[in-house]
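Shown here: work-v5.pdb, PDB, C-alpha atoms.
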ATOM      1  CA  MET C   1       0.000   0.000   0.000  1.00  0.00           C
ATOM      2  CA  ILE C   2       1.767   3.096  -1.305  1.00  0.00           C
ATOM      3  CA  CYS C   3      -0.535   5.915  -2.316  1.00  0.00           C
ATOM      4  CA  LEU C   4      -1.857   9.435  -2.058  1.00  0.00           C
ATOM      5  CA  GLN C   5      -5.429   9.918  -0.945  1.00  0.00           C
ATOM      6  CA  ALA C   6      -7.889  12.724  -0.248  1.00  0.00           C
ATOM      7  CA  ASN C   7      -9.773  10.896   2.502  1.00  0.00           C
ATOM      8  CA  PRO C   8      -8.719  10.417   6.151  1.00  0.00           C
ATOM      9  CA  ILE C   9      -6.152   7.637   6.612  1.00  0.00           C
ATOM     10  CA  ASP C  10      -7.241   4.360   8.188  1.00  0.00           C
ATOM     11  CA  THR C  11      -4.046   3.860  10.194  1.00  0.00           C
ATOM     12  CA  ALA C  12      -4.931   0.338  11.316  1.00  0.00           C
ATOM     13  CA  ALA C  13      -5.314  -0.639   7.657  1.00  0.00           C
ATOM     14  CA  VAL C  14      -1.859   0.816   6.849  1.00  0.00           C
ATOM     15  CA  ALA C  15      -0.282  -1.215   9.671  1.00  0.00           C
ATOM     16  CA  ALA C  16      -2.157  -4.321   8.559  1.00  0.00           C
ATOM     17  CA  ALA C  17      -1.016  -3.823   4.957  1.00  0.00           C
ATOM     18  CA  ALA C  18       2.633  -3.927   6.056  1.00  0.00           C
ATOM     19  CA  GLY C  19       2.615  -6.804   8.511  1.00  0.00           C
ATOM     20  CA  GLY C  20       2.797 -10.487   7.631  1.00  0.00           C
ATOM     21  CA  ASP C  21       2.896 -13.767   9.543  1.00  0.00           C
ATOM     22  CA  GLY C  22       6.703 -13.853   9.586  1.00  0.00           C
ATOM     23  CA  ASP C  23       7.020 -10.406  11.140  1.00  0.00           C
ATOM     24  CA  GLY C  24       7.558  -9.794  14.835  1.00  0.00           C
ATOM     25  CA  ALA C  25       7.339  -6.014  14.604  1.00  0.00           C
ATOM     26  CA  VAL C  26       5.389  -3.344  12.762  1.00  0.00           C
ATOM     27  CA  SER C  27       6.663   0.180  13.378  1.00  0.00           C
ATOM     28  CA  VAL C  28       4.116   2.902  12.590  1.00  0.00           C
ATOM     29  CA  PHE C  29       4.759   6.616  12.196  1.00  0.00           C
ATOM     30  CA  LEU C  30       1.947   9.160  11.921  1.00  0.00           C
ATOM     31  CA  GLY C  31       2.635  12.755  10.939  1.00  0.00           C
ATOM     32  CA  THR C  32      -0.210  14.846  12.343  1.00  0.00           C
ATOM     33  CA  VAL C  33      -1.397  18.390  11.733  1.00  0.00           C
ATOM     34  CA  ARG C  34      -0.529  20.897  14.474  1.00  0.00           C
ATOM     35  CA  ASN C  35      -2.669  23.916  15.304  1.00  0.00           C
ATOM     36  CA  VAL C  36       0.312  26.261  15.449  1.00  0.00           C
ATOM     37  CA  SER C  37       3.204  27.227  13.152  1.00  0.00           C
ATOM     38  CA  VAL C  38       5.914  29.684  14.177  1.00  0.00           C
ATOM     39  CA  GLY C  39       3.646  31.114  16.863  1.00  0.00           C
ATOM     40  CA  GLN C  40       0.663  31.561  14.558  1.00  0.00           C
ATOM     41  CA  ARG C  41      -2.609  29.682  14.902  1.00  0.00           C
ATOM     42  CA  VAL C  42      -3.175  27.275  12.003  1.00  0.00           C
ATOM     43  CA  LEU C  43      -6.744  26.481  10.958  1.00  0.00           C
ATOM     44  CA  PHE C  44      -6.003  23.599   8.575  1.00  0.00           C
ATOM     45  CA  LEU C  45      -3.455  22.460   5.988  1.00  0.00           C
ATOM     46  CA  GLU C  46      -3.821  21.862   2.295  1.00  0.00           C
ATOM     47  CA  TYR C  47      -1.491  19.455   0.494  1.00  0.00           C
ATOM     48  CA  GLU C  48      -0.651  19.467  -3.193  1.00  0.00           C
ATOM     49  CA  ALA C  49       1.390  16.779  -4.936  1.00  0.00           C
ATOM     50  CA  TYR C  50       2.972  16.011  -8.276  1.00  0.00           C
ATOM     51  CA  ALA C  51       0.981  12.830  -7.885  1.00  0.00           C
ATOM     52  CA  SER C  52       2.539  10.520 -10.469  1.00  0.00           C
ATOM     53  CA  MET C  53       6.095  11.401  -9.429  1.00  0.00           C
ATOM     54  CA  ALA C  54       5.270  11.402  -5.700  1.00  0.00           C
ATOM     55  CA  GLU C  55       3.992   7.822  -5.903  1.00  0.00           C
ATOM     56  CA  ARG C  56       7.091   6.789  -7.833  1.00  0.00           C
ATOM     57  CA  GLU C  57       9.366   8.438  -5.256  1.00  0.00           C
ATOM     58  CA  MET C  58       7.512   6.764  -2.385  1.00  0.00           C
ATOM     59  CA  GLU C  59       7.902   3.384  -4.144  1.00  0.00           C
ATOM     60  CA  ARG C  60      11.613   4.098  -4.577  1.00  0.00           C
ATOM     61  CA  ILE C  61      12.063   4.998  -0.888  1.00  0.00           C
ATOM     62  CA  ALA C  62      10.195   1.863   0.211  1.00  0.00           C
ATOM     63  CA  ALA C  63      12.388  -0.324  -2.010  1.00  0.00           C
ATOM     64  CA  GLU C  64      15.525   1.365  -0.678  1.00  0.00           C
ATOM     65  CA  ALA C  65      14.405   0.829   2.938  1.00  0.00           C
ATOM     66  CA  ILE C  66      13.865  -2.878   2.270  1.00  0.00           C
ATOM     67  CA  VAL C  67      17.377  -3.256   0.844  1.00  0.00           C
ATOM     68  CA  ARG C  68      19.133  -1.053   3.428  1.00  0.00           C
ATOM     69  CA  PHE C  69      17.481  -2.300   6.602  1.00  0.00           C
ATOM     70  CA  GLY C  70      16.398  -5.804   5.621  1.00  0.00           C
ATOM     71  CA  VAL C  71      12.772  -5.114   6.494  1.00  0.00           C
ATOM     72  CA  THR C  72       9.934  -7.114   4.967  1.00  0.00           C
ATOM     73  CA  LYS C  73       7.470  -4.535   3.727  1.00  0.00           C
ATOM     74  CA  VAL C  74       6.786  -0.782   3.786  1.00  0.00           C
ATOM     75  CA  ALA C  75       3.390   0.926   3.509  1.00  0.00           C
ATOM     76  CA  ILE C  76       3.118   4.692   2.952  1.00  0.00           C
ATOM     77  CA  VAL C  77      -0.078   6.743   2.650  1.00  0.00           C
ATOM     78  CA  HIS C  78       0.006  10.537   2.280  1.00  0.00           C
ATOM     79  CA  ARG C  79      -2.985  12.855   2.232  1.00  0.00           C
ATOM     80  CA  ILE C  80      -3.648  15.429  -0.474  1.00  0.00           C
ATOM     81  CA  GLY C  81      -6.141  18.290  -0.314  1.00  0.00           C
ATOM     82  CA  ARG C  82      -7.470  19.721   2.934  1.00  0.00           C
ATOM     83  CA  VAL C  83      -6.331  18.084   6.190  1.00  0.00           C
ATOM     84  CA  GLU C  84      -7.787  19.146   9.528  1.00  0.00           C
ATOM     85  CA  ILE C  85      -5.958  19.799  12.803  1.00  0.00           C
ATOM     86  CA  GLY C  86      -5.189  16.528  14.586  1.00  0.00           C
ATOM     87  CA  GLU C  87      -5.584  14.354  11.495  1.00  0.00           C
ATOM     88  CA  ALA C  88      -2.708  12.307  10.117  1.00  0.00           C
ATOM     89  CA  SER C  89      -1.247  13.830   6.961  1.00  0.00           C
ATOM     90  CA  VAL C  90       1.045  10.834   6.482  1.00  0.00           C
ATOM     91  CA  ALA C  91       1.131   7.265   7.785  1.00  0.00           C
ATOM     92  CA  ILE C  92       4.097   4.925   7.419  1.00  0.00           C
ATOM     93  CA  ALA C  93       4.223   1.310   8.535  1.00  0.00           C
ATOM     94  CA  VAL C  94       7.319  -0.869   8.326  1.00  0.00           C
ATOM     95  CA  ALA C  95       7.246  -4.583   9.106  1.00  0.00           C
ATOM     96  CA  ALA C  96      10.268  -6.730   9.961  1.00  0.00           C
ATOM     97  CA  PRO C  97      11.045  -9.925  11.850  1.00  0.00           C
ATOM     98  CA  HIS C  98      12.484  -7.824  14.722  1.00  0.00           C
ATOM     99  CA  ARG C  99      11.838  -4.338  16.108  1.00  0.00           C
ATOM    100  CA  ALA C 100      15.186  -2.564  15.616  1.00  0.00           C
ATOM    101  CA  PRO C 101      15.277  -2.613  11.795  1.00  0.00           C
ATOM    102  CA  ALA C 102      11.543  -1.821  11.653  1.00  0.00           C
ATOM    103  CA  MET C 103      12.010   1.325  13.785  1.00  0.00           C
ATOM    104  CA  GLU C 104      15.190   2.458  12.029  1.00  0.00           C
ATOM    105  CA  ALA C 105      13.669   1.972   8.587  1.00  0.00           C
ATOM    106  CA  CYS C 106      10.515   3.838   9.625  1.00  0.00           C
ATOM    107  CA  ARG C 107      12.638   6.855  10.593  1.00  0.00           C
ATOM    108  CA  PHE C 108      14.560   6.613   7.318  1.00  0.00           C
ATOM    109  CA  VAL C 109      11.329   6.560   5.302  1.00  0.00           C
ATOM    110  CA  ILE C 110       9.790   9.674   6.900  1.00  0.00           C
ATOM    111  CA  ASP C 111      13.094  11.606   6.846  1.00  0.00           C
ATOM    112  CA  THR C 112      13.647  10.780   3.168  1.00  0.00           C
ATOM    113  CA  LEU C 113      10.020  11.439   2.240  1.00  0.00           C
ATOM    114  CA  LYS C 114      10.235  14.931   3.716  1.00  0.00           C
ATOM    115  CA  THR C 115      13.218  15.860   1.554  1.00  0.00           C
ATOM    116  CA  SER C 116      12.489  14.123  -1.742  1.00  0.00           C
ATOM    117  CA  VAL C 117       8.804  13.394  -2.397  1.00  0.00           C
ATOM    118  CA  PRO C 118       7.184  16.187  -4.446  1.00  0.00           C
ATOM    119  CA  ILE C 119       4.421  17.189  -2.039  1.00  0.00           C
ATOM    120  CA  TRP C 120       3.811  20.695  -0.662  1.00  0.00           C
ATOM    121  CA  LYS C 121       1.758  21.976   2.242  1.00  0.00           C
ATOM    122  CA  ARG C 122      -0.095  25.261   2.455  1.00  0.00           C
ATOM    123  CA  GLU C 123      -0.846  26.581   5.925  1.00  0.00           C
ATOM    124  CA  HIS C 124      -4.173  28.361   6.310  1.00  0.00           C
ATOM    125  CA  PHE C 125      -4.433  31.008   9.019  1.00  0.00           C
ATOM    126  CA  GLU C 126      -7.117  33.457  10.058  1.00  0.00           C
ATOM    127  CA  GLY C 127      -7.031  35.916   7.141  1.00  0.00           C
ATOM    128  CA  GLY C 128      -4.513  34.241   4.858  1.00  0.00           C
ATOM    129  CA  SER C 129      -2.462  31.274   3.761  1.00  0.00           C
ATOM    130  CA  VAL C 130       1.095  30.534   2.761  1.00  0.00           C
ATOM    131  CA  TRP C 131       2.995  27.753   0.973  1.00  0.00           C
ATOM    132  CA  VAL C 132       5.572  26.073   3.169  1.00  0.00           C
ATOM    133  CA  GLU C 133       8.872  25.412   1.420  1.00  0.00           C
ATOM    134  CA  GLY C 134      11.253  22.826   2.798  1.00  0.00           C
ATOM    135  CA  ALA C 135      14.974  23.068   3.400  1.00  0.00           C
ATOM    136  CA  GLY C 136      15.685  21.488   0.004  1.00  0.00           C
ATOM    137  CA  ARG C 137      17.385  18.279  -1.071  1.00  0.00           C
TER     138      ARG C 137
ATOM    139  CA  MET V   1      10.412  19.777 -30.227  1.00  0.00           C
ATOM    140  CA  ILE V   2       7.381  20.120 -27.971  1.00  0.00           C
ATOM    141  CA  VAL V   3       7.776  19.921 -24.200  1.00  0.00           C
ATOM    142  CA  ARG V   4       5.145  20.128 -21.476  1.00  0.00           C
ATOM    143  CA  ILE V   5       6.180  22.221 -18.467  1.00  0.00           C
ATOM    144  CA  LEU V   6       4.524  21.672 -15.095  1.00  0.00           C
ATOM    145  CA  TYR V   7       4.511  24.137 -12.194  1.00  0.00           C
ATOM    146  CA  PHE V   8       3.628  23.316  -8.600  1.00  0.00           C
ATOM    147  CA  ALA V   9       2.690  25.093  -5.359  1.00  0.00           C
ATOM    148  CA  SER V  10       4.169  28.630  -5.176  1.00  0.00           C
ATOM    149  CA  LEU V  11       5.478  28.409  -8.753  1.00  0.00           C
ATOM    150  CA  LYS V  12       2.011  27.509 -10.019  1.00  0.00           C
ATOM    151  CA  ASP V  13       0.612  30.561  -8.223  1.00  0.00           C
ATOM    152  CA  ARG V  14       3.250  32.799  -9.810  1.00  0.00           C
ATOM    153  CA  VAL V  15       2.591  31.449 -13.312  1.00  0.00           C
ATOM    154  CA  GLY V  16      -1.169  31.390 -12.838  1.00  0.00           C
ATOM    155  CA  ALA V  17      -1.378  27.937 -14.446  1.00  0.00           C
ATOM    156  CA  SER V  18      -0.256  24.436 -13.603  1.00  0.00           C
ATOM    157  CA  GLU V  19       1.144  23.643 -17.029  1.00  0.00           C
ATOM    158  CA  GLU V  20       1.958  24.932 -20.478  1.00  0.00           C
ATOM    159  CA  THR V  21       3.303  23.441 -23.688  1.00  0.00           C
ATOM    160  CA  LEU V  22       6.229  25.060 -25.465  1.00  0.00           C
ATOM    161  CA  GLU V  23       8.171  24.544 -28.669  1.00  0.00           C
ATOM    162  CA  VAL V  24      11.873  24.510 -27.763  1.00  0.00           C
ATOM    163  CA  PRO V  25      15.094  23.735 -29.665  1.00  0.00           C
ATOM    164  CA  GLU V  26      16.557  20.210 -29.292  1.00  0.00           C
ATOM    165  CA  SER V  27      19.654  21.767 -27.709  1.00  0.00           C
ATOM    166  CA  CYS V  28      17.640  23.165 -24.802  1.00  0.00           C
ATOM    167  CA  ASP V  29      18.637  22.072 -21.289  1.00  0.00           C
ATOM    168  CA  VAL V  30      16.762  22.458 -17.996  1.00  0.00           C
ATOM    169  CA  ALA V  31      18.512  25.758 -17.181  1.00  0.00           C
ATOM    170  CA  ALA V  32      17.586  27.221 -20.573  1.00  0.00           C
ATOM    171  CA  LEU V  33      14.003  26.083 -20.112  1.00  0.00           C
ATOM    172  CA  TRP V  34      13.832  27.811 -16.704  1.00  0.00           C
ATOM    173  CA  ALA V  35      15.250  30.990 -18.275  1.00  0.00           C
ATOM    174  CA  LEU V  36      12.566  30.765 -20.958  1.00  0.00           C
ATOM    175  CA  ALA V  37       9.873  30.298 -18.299  1.00  0.00           C
ATOM    176  CA  GLN V  38      11.160  33.370 -16.431  1.00  0.00           C
ATOM    177  CA  GLU V  39      11.063  35.346 -19.654  1.00  0.00           C
ATOM    178  CA  ARG V  40       7.441  34.361 -20.237  1.00  0.00           C
ATOM    179  CA  HIS V  41       6.270  34.796 -16.643  1.00  0.00           C
ATOM    180  CA  PRO V  42       7.658  37.934 -14.975  1.00  0.00           C
ATOM    181  CA  ARG V  43       6.660  36.743 -11.496  1.00  0.00           C
ATOM    182  CA  LEU V  44       9.110  33.832 -11.809  1.00  0.00           C
ATOM    183  CA  ARG V  45      12.003  36.304 -12.081  1.00  0.00           C
ATOM    184  CA  ASP V  46      12.129  37.074  -8.375  1.00  0.00           C
ATOM    185  CA  VAL V  47      12.104  33.433  -7.237  1.00  0.00           C
ATOM    186  CA  THR V  48      15.039  33.452  -4.836  1.00  0.00           C
ATOM    187  CA  THR V  49      15.427  29.712  -4.211  1.00  0.00           C
ATOM    188  CA  ARG V  50      16.285  27.897  -7.427  1.00  0.00           C
ATOM    189  CA  PRO V  51      13.591  25.282  -7.962  1.00  0.00           C
ATOM    190  CA  LEU V  52      14.224  21.583  -8.367  1.00  0.00           C
ATOM    191  CA  ALA V  53      13.565  20.140 -11.788  1.00  0.00           C
ATOM    192  CA  ALA V  54      12.251  16.764 -12.839  1.00  0.00           C
ATOM    193  CA  CYS V  55      12.360  15.294 -16.335  1.00  0.00           C
ATOM    194  CA  ASP V  56       9.655  12.684 -16.945  1.00  0.00           C
ATOM    195  CA  MET V  57       9.147  12.283 -13.168  1.00  0.00           C
ATOM    196  CA  THR V  58      12.825  11.866 -12.235  1.00  0.00           C
ATOM    197  CA  TYR V  59      14.901  14.579 -10.543  1.00  0.00           C
ATOM    198  CA  ALA V  60      17.208  16.136 -13.105  1.00  0.00           C
ATOM    199  CA  ALA V  61      20.362  18.231 -12.970  1.00  0.00           C
ATOM    200  CA  TRP V  62      20.286  21.795 -14.256  1.00  0.00           C
ATOM    201  CA  ASP V  63      22.421  20.888 -17.297  1.00  0.00           C
ATOM    202  CA  ARG V  64      20.262  17.918 -18.302  1.00  0.00           C
ATOM    203  CA  SER V  65      19.219  18.130 -21.954  1.00  0.00           C
ATOM    204  CA  VAL V  66      15.473  18.093 -22.522  1.00  0.00           C
ATOM    205  CA  ALA V  67      15.842  16.311 -25.873  1.00  0.00           C
ATOM    206  CA  GLY V  68      13.404  13.404 -25.902  1.00  0.00           C
ATOM    207  CA  VAL V  69      11.780  14.497 -22.624  1.00  0.00           C
ATOM    208  CA  GLU V  70       7.993  14.864 -22.690  1.00  0.00           C
ATOM    209  CA  GLU V  71       7.412  16.530 -19.333  1.00  0.00           C
ATOM    210  CA  VAL V  72       9.627  18.895 -17.330  1.00  0.00           C
ATOM    211  CA  ALA V  73       8.413  19.920 -13.882  1.00  0.00           C
ATOM    212  CA  PHE V  74       9.689  22.833 -11.801  1.00  0.00           C
ATOM    213  CA  LEU V  75       9.312  22.114  -8.100  1.00  0.00           C
ATOM    214  CA  PRO V  76       9.706  24.402  -5.095  1.00  0.00           C
ATOM    215  CA  PRO V  77      11.574  22.825  -2.130  1.00  0.00           C
ATOM    216  CA  VAL V  78       9.219  20.058  -1.011  1.00  0.00           C
ATOM    217  CA  SER V  79       7.316  20.260   2.286  1.00  0.00           C
ATOM    218  CA  GLY V  80       5.323  17.045   2.600  1.00  0.00           C
ATOM    219  CA  GLY V  81       5.038  14.919   5.706  1.00  0.00           C
TER     220      GLY V  81
END
Write out the structure in this file as structure tokens.
Amino acid sequence: MICLQANPIDTAAVAAAAGGDGDGAVSVFLGTVRNVSVGQRVLFLEYEAYASMAEREMERIAAEAIVRFGVTKVAIVHRIGRVEIGEASVAIAVAAPHRAPAMEACRFVIDTLKTSVPIWKREHFEGGSVWVEGAGR
Amino acid sequence: MIVRILYFASLKDRVGASEETLEVPESCDVAALWALAQERHPRLRDVTTRPLAACDMTYAAWDRSVAGVEEVAFLPPVSGG
């Protein structure tokens, strides 16, 4: 399960999609929407993606995590469109026979996603909105 | 040759459109294409952070030739997650 979607993420389904009978660990990371950014109250976020490339990049990161950390399977779901405060904007689940590689690979996947997958967030405030631009690759 | 140029997020706002199709010489590289885009869209001229570029959905260097490429995307620094 590697995809972009407009609807809220079923996090249990993401974890279930990663885990198999030979796995002793499923590490799950949820990125959630905060109500504040640099001291300003955020009302909601809006995500835009270069969808076809974003899905390819997420597939590439998942494949790299499997090779690098020896994990079994990686699931990644990222929201697009409007995401409310408290909702998950991204869910990552990594399954492995043991916990250490699952947790390390999960961290690798979110860190890499944030620097290389073509997705952008727009923060909406009272009276305005602004595109957030990352630190770059 | 014909190339489709895609703009995202803040770049899309500056251009006022998410894509356009241009006729460019075979010798054109990504840098020349960006210069052409800036010429066509004045609001791209004061973009301070050089965007990333992707050719047919793969990140591309600034000196990558666009010969044979169907789709070039200009991407602001990403901010997903």
Determine the residue set returned by the ChimeraX specification (/V :<6) & /C for the present structure, and present it as a PDB file with C-alpha atoms, keeping the file's coordinate frame.
ATOM      1  CA  MET C  53       6.095  11.401  -9.429  1.00  0.00           C
ATOM      2  CA  VAL C  90       1.045  10.834   6.482  1.00  0.00           C
ATOM      3  CA  LYS C 114      10.235  14.931   3.716  1.00  0.00           C
ATOM      4  CA  PRO C 118       7.184  16.187  -4.446  1.00  0.00           C
ATOM      5  CA  ILE C 119       4.421  17.189  -2.039  1.00  0.00           C
ATOM      6  CA  TRP C 120       3.811  20.695  -0.662  1.00  0.00           C
ATOM      7  CA  LYS C 121       1.758  21.976   2.242  1.00  0.00           C
ATOM      8  CA  GLU C 133       8.872  25.412   1.420  1.00  0.00           C
ATOM      9  CA  GLY C 134      11.253  22.826   2.798  1.00  0.00           C
ATOM     10  CA  GLY C 136      15.685  21.488   0.004  1.00  0.00           C
TER      11      GLY C 136
END
> In Å, how far is it from atom CA of C:Ile61 to atom CA of C:Ala135?
Replying inline: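 Separation of atom CA of C:Ile61 and atom CA of C:Ala135: 18.8 Å.
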Please, what is the axis-aligned box for every listed atom of stretch 48-51 of chain V with 8 Å on each side, as centre and edge lengths in Å to one decimal, as AutoDock Vina command-line options?
--center_x 14.9 --center_y 29.4 --center_z -6.1 --size_x 18.7 --size_y 24.2 --size_z 19.8
> If you count all atoms listed in the file, which residues fall within 9 Å of C:Ser27, apart from same-chain ones fewer than 4 positions away, as a PyMOL selection string?
Replying inline: chain C and resi 15+92-96+99+102-106
>> Using the chain letters and numbers from this file, what does the PyMOL selection byres ((chain V and resi 27-39) around 12) select? Give the answer as a PyMOL selection string.
In response: chain V and resi 1-7+11-12+14-15+19-26+40-47+50-55+59-69+71-75
>> My list of candidates is C:Leu43, C:Val28, C:Ala17, C:Ile76. Which is closest to C:Arg56 when distances are computed with only C-alpha atoms?
In response: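 Using only C-alpha atoms, C:Arg56 sits closest to C:Ile76.
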> When distances are computed from all atoms listed in the file, which of C:His78, C:His98, C:Arg68, C:Arg41 shows the smallest separation from C:Val26?
Replying inline: C:His98
> Do you know which residues are at most 12 Å from C:Val38 counting all atoms listed in the file, after dropping those on the same chain fewer than 5 positions away, and could you put them as number ranges by chain?
Replying inline: C: 123, 125, 132
> Counting all atoms listed in the file, what is within 6 Å of C:Val117, bar same-chain residues fewer than 3 positions away, as a list in words?
Replying inline: Ala54, Glu57 and Leu113 of chain C
>> Given the PyMOL selection byres ((chain C and resi 86) around 6) and the file above, list the residues it selects as a ChimeraX atom specification.
In response: /C:32-33,85,87
> Which distance in Å separates atom CA of C:Leu45 and atom CA of C:Ala91, to one decimal?
Replying inline: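 Result for atom CA of C:Leu45 versus atom CA of C:Ala91: 16.0 Å, one decimal.
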> atom CA of V:Ala17 to atom CA of C:Gln5: how many Å, to one decimal?
Replying inline: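 So the two atoms, atom CA of V:Ala17 and atom CA of C:Gln5, lie 22.9 Å apart.
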> Residues at most 9 Å from C:Glu46, counting all atoms listed in the file, excluding those fewer than 3 positions away in the same chain, as a PyMOL selection string?
Replying inline: chain C and resi 80-84+120-124
